[in-house]
Protein chains: 2
Amino acid sequence: MLPVGNILVKEGYISIVQTDIHGNSAKTRKAGRFAIPVRERILVAAGDLFHKQGIRGVGVEAIAEAAQTNKMTLYRYFDSKDELITEWVRGIVAHKEEDWKDLNARYRGDPQGQLQEWSRRTAAKLRAMEERGSALGNAFAELPDPNHPARRVIQEHKLREHKRIVRLCKAAGFRDPALSANLFSMLLEGAHSCGTCVGMRQIGEHLVQVVDLMVENNRRQ
Amino acid sequence: MLPVGNILVKEGYISIVQTDIHGNSAKTRKAGRFAIPVRERILVAAGDLFHKQGIRGVGVEAIAEAAQTNKMTLYRYFDSKDELITEWVRGIVAHKEEDWKDLNARYRGDPQGQLQEWSRRTAAKLRAMEERGSALGNAFAELPDPNHPARRVIQEHKLREHKRIVRLCKAAGFRDPALSANLFSMLLEGAHSCGTCVGMRQIGEHLVQVVDLMVENNRRQ
DNA sequence: TCATTATGTTACCGGTCGGTAACATGCCGC
DNA sequence: GCGGCATGTTACCGACCGGTAACATAATGA
């Protein structure tokens, strides 16, 4: 069991526990209050299962169980499974965009630095990933319906991300910003799929190397 | 209706027809023989639907209908849906490896040329794709079970493909073949996901440009 | 023509899934 | 302690899905 905050990972399933004032774990109490509110627990559990077993491969019942609650409560917080999926995706996207903002704050006025640091962070995520690929990428593949709200959220996010990269390439003075940006995007996206056969660690390292080389080449020219 | 050989595409579903000696379409005959054998028709229909609606999003009944046959006949040719999926994946993989062989024959002893031509062919496929991404990539995302035969087929294929690229990079005399090969793989794989937000045409063109640049740089050095 | 073989038809099975209703139980603030 | 409110429990519904059995029909070849 690997403690991660209040979330314990056990046998591939997450379970969320809490100890009350007397040190009794929530599991021993019949209906104890949890440190993490239900809604969030459900989202965490859903995300974990969605990512591991595929969105369509996991039922709401299993999600509720993994979140230490039940189906009824789940449906009191989410109108439907599709809404739960969408909310989950929204969370990931929000987190990534927070990451971009943080990057922008730390490397203000240094577009090259931002690109390099982003590649380093991506490499770190790849290293921590192992096995199954990108959550957003998989979700996108699993939701073919162009009208599915979650799919739209992913699509819009990818577009924003790409525009951000184009902006950075322009600011960094790349000779052909559109081409450079596409190159960066292809590398960043491709690393996830390639990692499954080359190994996440190596692909991460090489991603960083290539990005560093590109930036260096651009500086010298 | 867009005629593609004996396969007609209508309203997103494929239907396979044939005219007999007297010019009567198979549809008018109650149980006419088809030019394309049932098994192949099922595979084509399954592939089309799998790719468009997702593997888990389409039922065997719908596949049988799209193939102008019925569920019973489908199960006479395939033991299970999973086997049908696997057979379909095997077909795609075989086709891609044929493509590699053809490349090797046409550009024998010219590894740079092979890499460039492969990028051009990939770009052409991207252009013809539009909308939904790579069939293999999506299938891989939709089959999380590491023991699923289809997943293994994809995995092994990706590995072979990557090894082939490494071999080409070595033969082409790239300074760091492992890194160059990973770069190529990332580009090739990433192009499919990026295409959905940048546009398949542009991403294809830029893919070719980048690969050409890499080869050129390698030649000059 | 007749028997064989391939295909179509219908009906069904068990299981799962998303989603809901009705009610029971616990928790907390007053 | 009591009442309101969040949560848990159980049972259920209709729909769909993968897969099978039994039988009917059509094409083919001898």
# chains A, B, ... in the order shown; residues from 1 in each chain; ligands from 1
>>> residues_around(residues="stretch 129-131 of chain A", least_positions_apart="2", cutoff="12 Å", atoms="only C-alpha atoms (C1' of nucleotides)", output="MDAnalysis selection string")
(chainID A and resid 51:53 122:127 133:135 191:204) or (chainID B and resid 140:141 144:146 155)
>>> write_last_selection(atoms="N, CA and C atoms", output="mmCIF file, in the first residue's frame")
data_model
loop_
_atom_site.group_PDB
_atom_site.id
_atom_site.type_symbol
_atom_site.label_atom_id
_atom_site.label_comp_id
_atom_site.auth_asym_id
_atom_site.auth_seq_id
_atom_site.Cartn_x
_atom_site.Cartn_y
_atom_site.Cartn_z
ATOM 1 N N HIS A 51 -8.965 5.326 -16.312
ATOM 2 C CA HIS A 51 -7.645 5.281 -16.919
ATOM 3 C C HIS A 51 -7.134 3.855 -17.028
ATOM 4 N N LYS A 52 -7.423 3.051 -16.002
ATOM 5 C CA LYS A 52 -6.864 1.700 -15.983
ATOM 6 C C LYS A 52 -7.657 0.721 -16.828
ATOM 7 N N GLN A 53 -8.994 0.856 -16.809
ATOM 8 C CA GLN A 53 -9.818 -0.144 -17.471
ATOM 9 C C GLN A 53 -10.573 0.391 -18.669
ATOM 10 N N THR A 122 6.926 16.949 -18.905
ATOM 11 C CA THR A 122 6.278 15.843 -19.631
ATOM 12 C C THR A 122 7.067 14.552 -19.431
ATOM 13 N N ALA A 123 8.387 14.672 -19.501
ATOM 14 C CA ALA A 123 9.226 13.488 -19.303
ATOM 15 C C ALA A 123 9.018 12.903 -17.906
ATOM 16 N N ALA A 124 8.915 13.794 -16.923
ATOM 17 C CA ALA A 124 8.693 13.324 -15.555
ATOM 18 C C ALA A 124 7.363 12.589 -15.447
ATOM 19 N N LYS A 125 6.344 13.135 -16.094
ATOM 20 C CA LYS A 125 5.027 12.483 -16.063
ATOM 21 C C LYS A 125 5.100 11.132 -16.762
ATOM 22 N N LEU A 126 5.803 11.090 -17.853
ATOM 23 C CA LEU A 126 5.953 9.826 -18.582
ATOM 24 C C LEU A 126 6.601 8.784 -17.680
ATOM 25 N N ARG A 127 7.649 9.212 -17.004
ATOM 26 C CA ARG A 127 8.357 8.288 -16.131
ATOM 27 C C ARG A 127 7.426 7.724 -15.065
ATOM 28 N N GLY A 133 -1.253 4.553 -21.420
ATOM 29 C CA GLY A 133 -0.834 5.833 -21.967
ATOM 30 C C GLY A 133 -1.505 7.052 -21.359
ATOM 31 N N SER A 134 -1.624 8.085 -22.176
ATOM 32 C CA SER A 134 -2.193 9.348 -21.716
ATOM 33 C C SER A 134 -3.687 9.212 -21.448
ATOM 34 N N ALA A 135 -4.111 9.728 -20.309
ATOM 35 C CA ALA A 135 -5.526 9.633 -19.946
ATOM 36 C C ALA A 135 -6.386 10.383 -20.955
ATOM 37 N N ALA A 191 5.283 11.139 -27.856
ATOM 38 C CA ALA A 191 6.040 10.505 -26.772
ATOM 39 C C ALA A 191 5.168 9.523 -25.993
ATOM 40 N N HIS A 192 3.896 9.897 -25.787
ATOM 41 C CA HIS A 192 3.014 9.033 -25.000
ATOM 42 C C HIS A 192 2.796 7.685 -25.662
ATOM 43 N N SER A 193 2.515 7.702 -26.972
ATOM 44 C CA SER A 193 2.264 6.421 -27.643
ATOM 45 C C SER A 193 3.553 5.624 -27.787
ATOM 46 N N CYS A 194 4.653 6.311 -28.072
ATOM 47 C CA CYS A 194 5.913 5.600 -28.271
ATOM 48 C C CYS A 194 6.412 4.961 -26.986
ATOM 49 N N GLY A 195 6.129 5.626 -25.883
ATOM 50 C CA GLY A 195 6.621 5.131 -24.602
ATOM 51 C C GLY A 195 6.221 3.698 -24.328
ATOM 52 N N THR A 196 5.066 3.283 -24.828
ATOM 53 C CA THR A 196 4.579 1.935 -24.537
ATOM 54 C C THR A 196 5.459 0.858 -25.168
ATOM 55 N N CYS A 197 6.212 1.219 -26.232
ATOM 56 C CA CYS A 197 7.041 0.170 -26.827
ATOM 57 C C CYS A 197 8.535 0.426 -26.638
ATOM 58 N N VAL A 198 8.902 1.676 -26.437
ATOM 59 C CA VAL A 198 10.320 1.988 -26.258
ATOM 60 C C VAL A 198 10.671 2.066 -24.778
ATOM 61 N N GLY A 199 9.675 2.308 -23.976
ATOM 62 C CA GLY A 199 9.922 2.521 -22.554
ATOM 63 C C GLY A 199 9.811 4.001 -22.237
ATOM 64 N N MET A 200 9.055 4.284 -21.201
ATOM 65 C CA MET A 200 8.746 5.676 -20.872
ATOM 66 C C MET A 200 9.992 6.471 -20.496
ATOM 67 N N ARG A 201 10.881 5.820 -19.782
ATOM 68 C CA ARG A 201 12.054 6.536 -19.310
ATOM 69 C C ARG A 201 12.882 7.057 -20.496
ATOM 70 N N GLN A 202 13.232 6.126 -21.388
ATOM 71 C CA GLN A 202 14.067 6.516 -22.524
ATOM 72 C C GLN A 202 13.386 7.559 -23.390
ATOM 73 N N ILE A 203 12.112 7.353 -23.649
ATOM 74 C CA ILE A 203 11.428 8.293 -24.533
ATOM 75 C C ILE A 203 11.400 9.682 -23.884
ATOM 76 N N GLY A 204 11.248 9.720 -22.570
ATOM 77 C CA GLY A 204 11.261 11.003 -21.870
ATOM 78 C C GLY A 204 12.595 11.699 -22.003
ATOM 79 N N PHE B 140 -5.782 0.334 -29.562
ATOM 80 C CA PHE B 140 -4.877 0.122 -28.438
ATOM 81 C C PHE B 140 -5.411 0.802 -27.183
ATOM 82 N N ALA B 141 -5.943 1.989 -27.359
ATOM 83 C CA ALA B 141 -6.491 2.724 -26.211
ATOM 84 C C ALA B 141 -7.762 2.067 -25.692
ATOM 85 N N PRO B 144 -7.609 -2.148 -22.831
ATOM 86 C CA PRO B 144 -6.644 -2.003 -21.732
ATOM 87 C C PRO B 144 -6.102 -3.337 -21.240
ATOM 88 N N ASP B 145 -6.867 -4.393 -21.439
ATOM 89 C CA ASP B 145 -6.428 -5.697 -20.946
ATOM 90 C C ASP B 145 -5.134 -6.123 -21.633
ATOM 91 N N PRO B 146 -4.044 -6.235 -20.885
ATOM 92 C CA PRO B 146 -2.758 -6.589 -21.490
ATOM 93 C C PRO B 146 -2.750 -7.986 -22.096
ATOM 94 N N GLN B 155 0.971 -4.311 -30.093
ATOM 95 C CA GLN B 155 2.220 -4.083 -29.361
ATOM 96 C C GLN B 155 3.420 -4.625 -30.141
#
>>> interface_residues(of="chain C", to="chain B", cutoff="12 Å", atoms="only C-alpha atoms (C1' of nucleotides)", output="PyMOL selection string")
chain C and resi 6-10
>>> interface_residues(of="chain D", to="chain B", cutoff="10 Å", atoms="only C-alpha atoms (C1' of nucleotides)", output="VMD selection string")
chain D and resid 16 to 20 25 to 27
>>> write_last_selection(atoms="N, CA and C atoms (P, O5', C5', C4', C3', O3' and C1' of nucleotides)", output="tab-separated table (two decimals), in the first residue's frame")
chain	number	residue	atom	x	y	z
D	16	DC	P	-32.13	-0.47	-26.86
D	16	DC	O5'	-30.75	-1.27	-26.73
D	16	DC	C5'	-29.67	-0.66	-26.04
D	16	DC	C4'	-28.70	-1.73	-25.63
D	16	DC	C3'	-28.24	-2.64	-26.78
D	16	DC	O3'	-26.84	-2.43	-26.98
D	16	DC	C1'	-28.68	-3.88	-24.81
D	17	DC	P	-26.18	-3.03	-28.30
D	17	DC	O5'	-24.94	-3.80	-27.72
D	17	DC	C5'	-24.67	-3.82	-26.30
D	17	DC	C4'	-24.17	-5.20	-25.94
D	17	DC	C3'	-23.79	-6.01	-27.16
D	17	DC	O3'	-22.46	-6.44	-27.05
D	17	DC	C1'	-25.17	-7.27	-25.71
D	18	DG	P	-21.71	-6.96	-28.35
D	18	DG	O5'	-21.31	-8.44	-27.94
D	18	DG	C5'	-20.59	-8.66	-26.74
D	18	DG	C4'	-20.72	-10.09	-26.31
D	18	DG	C3'	-20.32	-11.11	-27.37
D	18	DG	O3'	-19.53	-12.11	-26.76
D	18	DG	C1'	-22.54	-11.52	-26.64
D	19	DG	P	-18.84	-13.26	-27.67
D	19	DG	O5'	-19.99	-14.36	-27.71
D	19	DG	C5'	-20.41	-14.96	-26.48
D	19	DG	C4'	-21.55	-15.91	-26.73
D	19	DG	C3'	-21.39	-16.85	-27.93
D	19	DG	O3'	-21.34	-18.19	-27.45
D	19	DG	C1'	-23.58	-15.95	-27.80
D	20	DT	P	-21.24	-19.44	-28.43
D	20	DT	O5'	-22.74	-19.96	-28.44
D	20	DT	C5'	-23.43	-20.12	-27.21
D	20	DT	C4'	-24.78	-20.76	-27.45
D	20	DT	C3'	-24.78	-21.88	-28.49
D	20	DT	O3'	-25.41	-23.01	-27.91
D	20	DT	C1'	-26.48	-20.29	-28.99
D	25	DT	P	-39.30	-22.24	-45.24
D	25	DT	O5'	-38.10	-21.83	-46.19
D	25	DT	C5'	-37.52	-20.54	-46.05
D	25	DT	C4'	-36.18	-20.52	-46.74
D	25	DT	C3'	-36.21	-20.89	-48.22
D	25	DT	O3'	-35.88	-19.75	-48.96
D	25	DT	C1'	-34.32	-21.78	-47.11
D	26	DA	P	-36.34	-19.71	-50.52
D	26	DA	O5'	-34.92	-19.75	-51.21
D	26	DA	C5'	-33.96	-18.76	-50.85
D	26	DA	C4'	-32.57	-19.30	-51.07
D	26	DA	C3'	-32.25	-19.68	-52.53
D	26	DA	O3'	-31.18	-18.89	-52.96
D	26	DA	C1'	-31.49	-21.32	-51.01
D	27	DA	P	-30.99	-18.72	-54.51
D	27	DA	O5'	-29.67	-19.57	-54.73
D	27	DA	C5'	-28.44	-19.03	-54.30
D	27	DA	C4'	-27.41	-20.14	-54.26
D	27	DA	C3'	-26.99	-20.68	-55.63
D	27	DA	O3'	-25.60	-20.46	-55.77
D	27	DA	C1'	-27.48	-22.45	-54.11
>>> calpha_fit_and_write(fixed="chain A", moving="chain B", output="compact mmCIF listing (two decimals) with C-alpha atoms, in the first residue's frame")
# COMPACT_ATOMS: atom_id res chain seq x y z
CA MET B 1 -0.59 -0.65 0.15
CA LEU B 2 1.04 2.53 -0.97
CA PRO B 3 -0.17 5.52 1.01
CA VAL B 4 -0.61 8.57 -1.18
CA GLY B 5 -2.00 11.30 0.99
CA ASN B 6 -5.36 10.07 2.21
CA ILE B 7 -5.67 7.75 -0.72
CA LEU B 8 -4.53 4.19 -0.38
CA VAL B 9 -3.85 2.07 -3.41
CA LYS B 10 -4.57 -1.59 -2.91
CA GLU B 11 -4.69 -4.29 -5.53
CA GLY B 12 -5.16 -1.81 -8.30
CA TYR B 13 -8.17 -0.20 -6.70
CA ILE B 14 -8.03 2.97 -4.72
CA SER B 15 -9.73 3.33 -1.42
CA ILE B 16 -9.92 6.46 0.61
CA VAL B 17 -9.72 6.26 4.36
CA GLN B 18 -9.50 8.67 7.23
CA THR B 19 -8.80 8.39 10.91
CA ASP B 20 -11.05 10.29 13.28
CA ILE B 21 -9.99 12.05 16.48
CA HIS B 22 -9.70 8.75 18.31
CA GLY B 23 -7.63 7.13 15.58
CA ASN B 24 -10.37 4.85 14.33
CA SER B 25 -10.27 4.41 10.60
CA ALA B 26 -13.39 5.38 8.75
CA LYS B 27 -13.76 1.81 7.59
CA THR B 28 -14.41 0.59 11.11
CA ARG B 29 -17.15 3.12 11.64
CA LYS B 30 -20.38 2.19 9.95
CA ALA B 31 -20.97 5.52 8.28
CA GLY B 32 -18.13 7.75 9.34
CA ARG B 33 -17.43 11.08 7.69
CA PHE B 34 -14.49 11.11 5.38
CA ALA B 35 -11.74 13.69 5.20
CA ILE B 36 -12.27 13.92 1.45
CA PRO B 37 -15.80 14.87 0.42
CA VAL B 38 -17.79 12.28 -1.49
CA ARG B 39 -17.85 14.10 -4.77
CA GLU B 40 -14.11 14.33 -4.92
CA ARG B 41 -13.71 10.72 -3.84
CA ILE B 42 -15.96 9.64 -6.66
CA LEU B 43 -14.00 11.72 -9.16
CA VAL B 44 -10.70 10.28 -8.00
CA ALA B 45 -11.97 6.72 -8.07
CA ALA B 46 -13.61 7.21 -11.45
CA GLY B 47 -10.45 8.69 -12.89
CA ASP B 48 -8.36 5.84 -11.63
CA LEU B 49 -10.66 3.19 -13.05
CA PHE B 50 -11.31 5.03 -16.31
CA HIS B 51 -7.62 5.27 -16.91
CA LYS B 52 -6.85 1.69 -15.97
CA GLN B 53 -9.80 -0.15 -17.47
CA GLY B 54 -11.09 2.24 -20.06
CA ILE B 55 -14.11 4.49 -19.79
CA ARG B 56 -16.44 1.98 -21.33
CA GLY B 57 -14.89 -0.87 -19.44
CA VAL B 58 -15.97 0.28 -16.01
CA GLY B 59 -19.46 0.56 -14.62
CA VAL B 60 -20.82 3.16 -12.25
CA GLU B 61 -21.32 0.53 -9.56
CA ALA B 62 -17.62 -0.28 -9.56
CA ILE B 63 -16.78 3.40 -9.36
CA ALA B 64 -19.06 3.94 -6.39
CA GLU B 65 -17.57 0.96 -4.63
CA ALA B 66 -14.01 2.11 -5.24
CA ALA B 67 -14.98 5.52 -3.85
CA GLN B 68 -16.31 3.85 -0.69
CA THR B 69 -19.85 4.88 -1.42
CA ASN B 70 -22.76 3.65 -3.52
CA LYS B 71 -24.49 4.20 -6.80
CA MET B 72 -27.31 6.32 -5.40
CA THR B 73 -24.93 8.82 -3.85
CA LEU B 74 -22.99 8.95 -7.08
CA TYR B 75 -26.14 9.87 -8.96
CA ARG B 76 -26.90 12.56 -6.39
CA TYR B 77 -23.71 14.32 -7.45
CA PHE B 78 -23.65 13.51 -11.15
CA ASP B 79 -26.64 13.43 -13.46
CA SER B 80 -25.22 10.66 -15.58
CA LYS B 81 -22.12 8.65 -16.27
CA ASP B 82 -21.38 10.92 -19.20
CA GLU B 83 -21.39 13.93 -16.90
CA LEU B 84 -19.04 12.13 -14.54
CA ILE B 85 -16.73 11.42 -17.45
CA THR B 86 -16.87 15.05 -18.52
CA GLU B 87 -16.22 16.34 -15.01
CA TRP B 88 -13.22 14.04 -14.74
CA VAL B 89 -11.83 15.25 -18.06
CA ARG B 90 -12.43 18.84 -17.03
CA GLY B 91 -10.38 18.21 -13.90
CA ILE B 92 -7.42 16.87 -15.85
CA VAL B 93 -7.58 19.74 -18.31
CA ALA B 94 -7.80 22.33 -15.53
CA HIS B 95 -4.81 20.77 -13.84
CA LYS B 96 -2.75 20.87 -17.03
CA GLU B 97 -3.65 24.49 -17.68
CA GLU B 98 -2.71 25.40 -14.13
CA ASP B 99 0.61 23.81 -14.92
CA TRP B 100 1.01 26.00 -17.98
CA LYS B 101 0.20 29.10 -15.95
CA ASP B 102 2.76 28.15 -13.35
CA LEU B 103 5.28 27.67 -16.15
CA ASN B 104 4.49 31.08 -17.55
CA ALA B 105 4.95 32.68 -14.15
CA ARG B 106 8.25 30.96 -13.43
CA TYR B 107 9.76 31.57 -16.87
CA ARG B 108 8.24 34.91 -17.67
CA GLY B 109 9.67 36.37 -20.86
CA ASP B 110 11.65 33.22 -21.59
CA PRO B 111 9.74 31.26 -24.22
CA GLN B 112 12.65 28.90 -24.89
CA GLY B 113 12.86 28.13 -21.21
CA GLN B 114 9.13 27.42 -21.12
CA LEU B 115 9.36 24.95 -23.98
CA GLN B 116 12.31 23.21 -22.38
CA GLU B 117 10.75 23.06 -18.97
CA TRP B 118 7.51 21.75 -20.42
CA SER B 119 9.40 18.94 -22.09
CA ARG B 120 11.10 18.17 -18.78
CA ARG B 121 7.78 18.07 -16.94
CA THR B 122 6.30 15.88 -19.64
CA ALA B 123 9.25 13.53 -19.32
CA ALA B 124 8.71 13.37 -15.57
CA LYS B 125 5.05 12.52 -16.06
CA LEU B 126 5.98 9.87 -18.59
CA ARG B 127 8.39 8.33 -16.13
CA ALA B 128 5.71 8.23 -13.46
CA MET B 129 3.17 6.79 -15.87
CA GLU B 130 4.40 3.35 -16.96
CA GLU B 131 2.04 0.99 -18.74
CA ARG B 132 -1.13 2.71 -19.83
CA GLY B 133 -0.80 5.85 -21.96
CA SER B 134 -2.17 9.35 -21.70
CA ALA B 135 -5.51 9.63 -19.94
CA LEU B 136 -6.73 12.39 -22.25
CA GLY B 137 -5.50 10.61 -25.36
CA ASN B 138 -7.19 7.37 -24.40
CA ALA B 139 -10.38 9.14 -23.45
CA PHE B 140 -10.38 10.88 -26.79
CA ALA B 141 -10.01 7.57 -28.58
CA GLU B 142 -12.79 6.04 -26.51
CA LEU B 143 -15.31 8.78 -27.21
CA PRO B 144 -15.94 8.82 -30.96
CA ASP B 145 -19.15 10.81 -30.72
CA PRO B 146 -18.18 14.34 -31.78
CA ASN B 147 -21.01 15.71 -29.67
CA HIS B 148 -19.87 14.14 -26.44
CA PRO B 149 -19.12 17.04 -24.07
CA ALA B 150 -15.98 15.38 -22.76
CA ARG B 151 -14.63 15.00 -26.27
CA ARG B 152 -15.23 18.66 -26.90
CA VAL B 153 -13.44 19.61 -23.70
CA ILE B 154 -10.41 17.62 -24.79
CA GLN B 155 -10.52 19.05 -28.29
CA GLU B 156 -10.66 22.61 -27.07
CA HIS B 157 -7.88 22.00 -24.62
CA LYS B 158 -5.63 20.53 -27.30
CA LEU B 159 -6.32 23.53 -29.47
CA ARG B 160 -5.47 25.99 -26.70
CA GLU B 161 -2.31 24.08 -25.91
CA HIS B 162 -1.22 24.11 -29.52
CA LYS B 163 -1.92 27.80 -29.88
CA ARG B 164 0.13 28.41 -26.78
CA ILE B 165 3.03 26.51 -28.32
CA VAL B 166 2.72 28.51 -31.52
CA ARG B 167 2.84 31.72 -29.48
CA LEU B 168 5.95 30.51 -27.67
CA CYS B 169 7.65 29.61 -30.94
CA LYS B 170 6.89 33.03 -32.33
CA ALA B 171 8.20 34.72 -29.19
CA ALA B 172 11.29 32.55 -29.27
CA GLY B 173 11.98 33.77 -32.77
CA PHE B 174 11.88 30.45 -34.57
CA ARG B 175 12.34 30.87 -38.29
CA ASP B 176 9.06 29.06 -39.11
CA PRO B 177 6.91 29.21 -35.98
CA ALA B 178 4.04 27.17 -37.42
CA LEU B 179 6.34 24.35 -38.42
CA SER B 180 8.31 24.44 -35.20
CA ALA B 181 5.13 24.43 -33.17
CA ASN B 182 3.82 21.42 -35.05
CA LEU B 183 7.13 19.70 -34.50
CA PHE B 184 6.91 20.35 -30.76
CA SER B 185 3.31 19.17 -30.64
CA MET B 186 4.09 16.02 -32.56
CA LEU B 187 6.95 15.22 -30.23
CA LEU B 188 4.93 15.91 -27.11
CA GLU B 189 1.96 13.88 -28.28
CA GLY B 190 3.99 11.13 -29.89
CA ALA B 191 6.06 10.54 -26.79
CA HIS B 192 3.06 9.06 -25.01
CA SER B 193 2.31 6.45 -27.65
CA CYS B 194 5.97 5.63 -28.28
CA GLY B 195 6.65 5.17 -24.60
CA THR B 196 4.63 1.98 -24.53
CA CYS B 197 7.08 0.20 -26.81
CA VAL B 198 10.38 2.03 -26.26
CA GLY B 199 9.99 2.57 -22.55
CA MET B 200 8.78 5.72 -20.87
CA ARG B 201 12.10 6.59 -19.30
CA GLN B 202 14.11 6.56 -22.52
CA ILE B 203 11.46 8.34 -24.53
CA GLY B 204 11.28 11.04 -21.87
CA GLU B 205 15.02 11.58 -21.89
CA HIS B 206 15.15 11.75 -25.65
CA LEU B 207 12.22 14.11 -25.77
CA VAL B 208 14.12 16.51 -23.52
CA GLN B 209 17.31 16.11 -25.55
CA VAL B 210 15.56 16.87 -28.82
CA VAL B 211 13.77 19.92 -27.46
CA ASP B 212 17.01 21.23 -25.98
CA LEU B 213 18.73 20.74 -29.32
CA MET B 214 15.99 22.60 -31.14
CA VAL B 215 16.18 25.53 -28.77
CA GLU B 216 19.97 25.59 -28.94
CA ASN B 217 19.94 25.51 -32.73
CA ASN B 218 17.48 28.36 -32.79
CA ARG B 219 19.66 30.41 -30.46
CA ARG B 220 22.78 29.92 -32.56
CA GLN B 221 21.15 30.80 -35.81
>>> atom_distance(atom1="atom C1' of C:DC27", atom2="atom C1' of D:DT7")
9.3 Å
>>> residues_around(residues="C:DA11", least_positions_apart="4", cutoff="12 Å", atoms="only C-alpha atoms (C1' of nucleotides)", output="list in words")
DT20, DA21, DA22 and DC23 of chain D
>>> write_last_selection(atoms="N, CA and C atoms (P, O5', C5', C4', C3', O3' and C1' of nucleotides)", output="tab-separated table (two decimals), in the first residue's frame")
chain	number	residue	atom	x	y	z
D	20	DT	P	-21.24	-19.44	-28.43
D	20	DT	O5'	-22.74	-19.96	-28.44
D	20	DT	C5'	-23.43	-20.12	-27.21
D	20	DT	C4'	-24.78	-20.76	-27.45
D	20	DT	C3'	-24.78	-21.88	-28.49
D	20	DT	O3'	-25.41	-23.01	-27.91
D	20	DT	C1'	-26.48	-20.29	-28.99
D	21	DA	P	-25.43	-24.43	-28.66
D	21	DA	O5'	-26.97	-24.60	-29.00
D	21	DA	C5'	-27.94	-24.23	-28.03
D	21	DA	C4'	-29.34	-24.44	-28.59
D	21	DA	C3'	-29.46	-25.60	-29.57
D	21	DA	O3'	-30.65	-26.31	-29.29
D	21	DA	C1'	-30.15	-23.59	-30.63
D	22	DA	P	-30.98	-27.71	-29.97
D	22	DA	O5'	-32.14	-27.31	-30.98
D	22	DA	C5'	-32.99	-26.22	-30.64
D	22	DA	C4'	-33.93	-25.95	-31.80
D	22	DA	C3'	-34.03	-27.10	-32.81
D	22	DA	O3'	-35.37	-27.24	-33.22
D	22	DA	C1'	-33.30	-25.14	-33.93
D	23	DC	P	-35.80	-28.48	-34.19
D	23	DC	O5'	-36.28	-27.68	-35.47
D	23	DC	C5'	-36.93	-26.43	-35.29
D	23	DC	C4'	-36.74	-25.55	-36.51
D	23	DC	C3'	-36.98	-26.26	-37.84
D	23	DC	O3'	-38.10	-25.66	-38.48
D	23	DC	C1'	-35.11	-24.81	-37.94
>>> residues_around(residues="C:DC28", least_positions_apart="6", cutoff="12 Å", atoms="only C-alpha atoms (C1' of nucleotides)", output="number ranges by chain")
A: 33; D: 2-6
>>> residues_around(residues="C:DC23", least_positions_apart="2", cutoff="9 Å", atoms="only C-alpha atoms (C1' of nucleotides)", output="ChimeraX atom specification")
/C:21 /D:9-10
>>> write_last_selection(atoms="N, CA and C atoms (P, O5', C5', C4', C3', O3' and C1' of nucleotides)", output="CSV table (one decimal), in the first residue's frame")
chain,number,residue,atom,x,y,z
C,21,DA,P,-37.6,8.3,-10.1
C,21,DA,O5',-38.1,7.2,-9.0
C,21,DA,C5',-38.7,6.0,-9.5
C,21,DA,C4',-39.1,5.2,-8.3
C,21,DA,C3',-39.6,6.0,-7.1
C,21,DA,O3',-40.8,5.3,-6.5
C,21,DA,C1',-37.8,4.6,-6.4
D,9,DT,P,-24.4,0.4,3.0
D,9,DT,O5',-25.9,-0.1,2.6
D,9,DT,C5',-26.9,0.0,3.5
D,9,DT,C4',-28.2,-0.7,3.1
D,9,DT,C3',-27.9,-1.8,2.0
D,9,DT,O3',-28.6,-3.0,2.5
D,9,DT,C1',-29.5,-0.3,1.2
D,10,DT,P,-28.3,-4.4,1.8
D,10,DT,O5',-29.6,-4.6,1.0
D,10,DT,C5',-30.9,-4.1,1.5
D,10,DT,C4',-31.9,-4.0,0.4
D,10,DT,C3',-31.8,-5.1,-0.7
D,10,DT,O3',-32.9,-5.9,-0.6
D,10,DT,C1',-32.2,-2.9,-1.5
>>> residues_around(residues="C:DT4", least_positions_apart="4", cutoff="12 Å", atoms="only C-alpha atoms (C1' of nucleotides)", output="list in words")
DA27, DT28, DG29 and DA30 of chain D
>>> atom_distance(atom1="atom C1' of C:DG19", atom2="atom C1' of D:DG8")
17.2 Å
>>> select_by_dssp(residues="stretch 12-181 of chain A", states="strand (DSSP E)", output="PyMOL selection string")
chain A and resi 13-16
>>> write_last_selection(atoms="N, CA and C atoms", output="PDB file, in the first residue's frame")
ATOM      1  N   TYR A  13      -6.709  -0.792  -7.026  1.00  0.00           N
ATOM      2  CA  TYR A  13      -7.888   0.017  -6.765  1.00  0.00           C
ATOM      3  C   TYR A  13      -7.559   1.046  -5.694  1.00  0.00           C
ATOM      4  N   ILE A  14      -8.142   2.198  -5.794  1.00  0.00           N
ATOM      5  CA  ILE A  14      -7.863   3.174  -4.755  1.00  0.00           C
ATOM      6  C   ILE A  14      -8.939   3.071  -3.696  1.00  0.00           C
ATOM      7  N   SER A  15      -8.544   3.338  -2.497  1.00  0.00           N
ATOM      8  CA  SER A  15      -9.544   3.443  -1.452  1.00  0.00           C
ATOM      9  C   SER A  15      -9.144   4.615  -0.578  1.00  0.00           C
ATOM     10  N   ILE A  16     -10.112   5.319  -0.111  1.00  0.00           N
ATOM     11  CA  ILE A  16      -9.839   6.530   0.626  1.00  0.00           C
ATOM     12  C   ILE A  16     -10.259   6.334   2.073  1.00  0.00           C
TER      13      ILE A  16
END
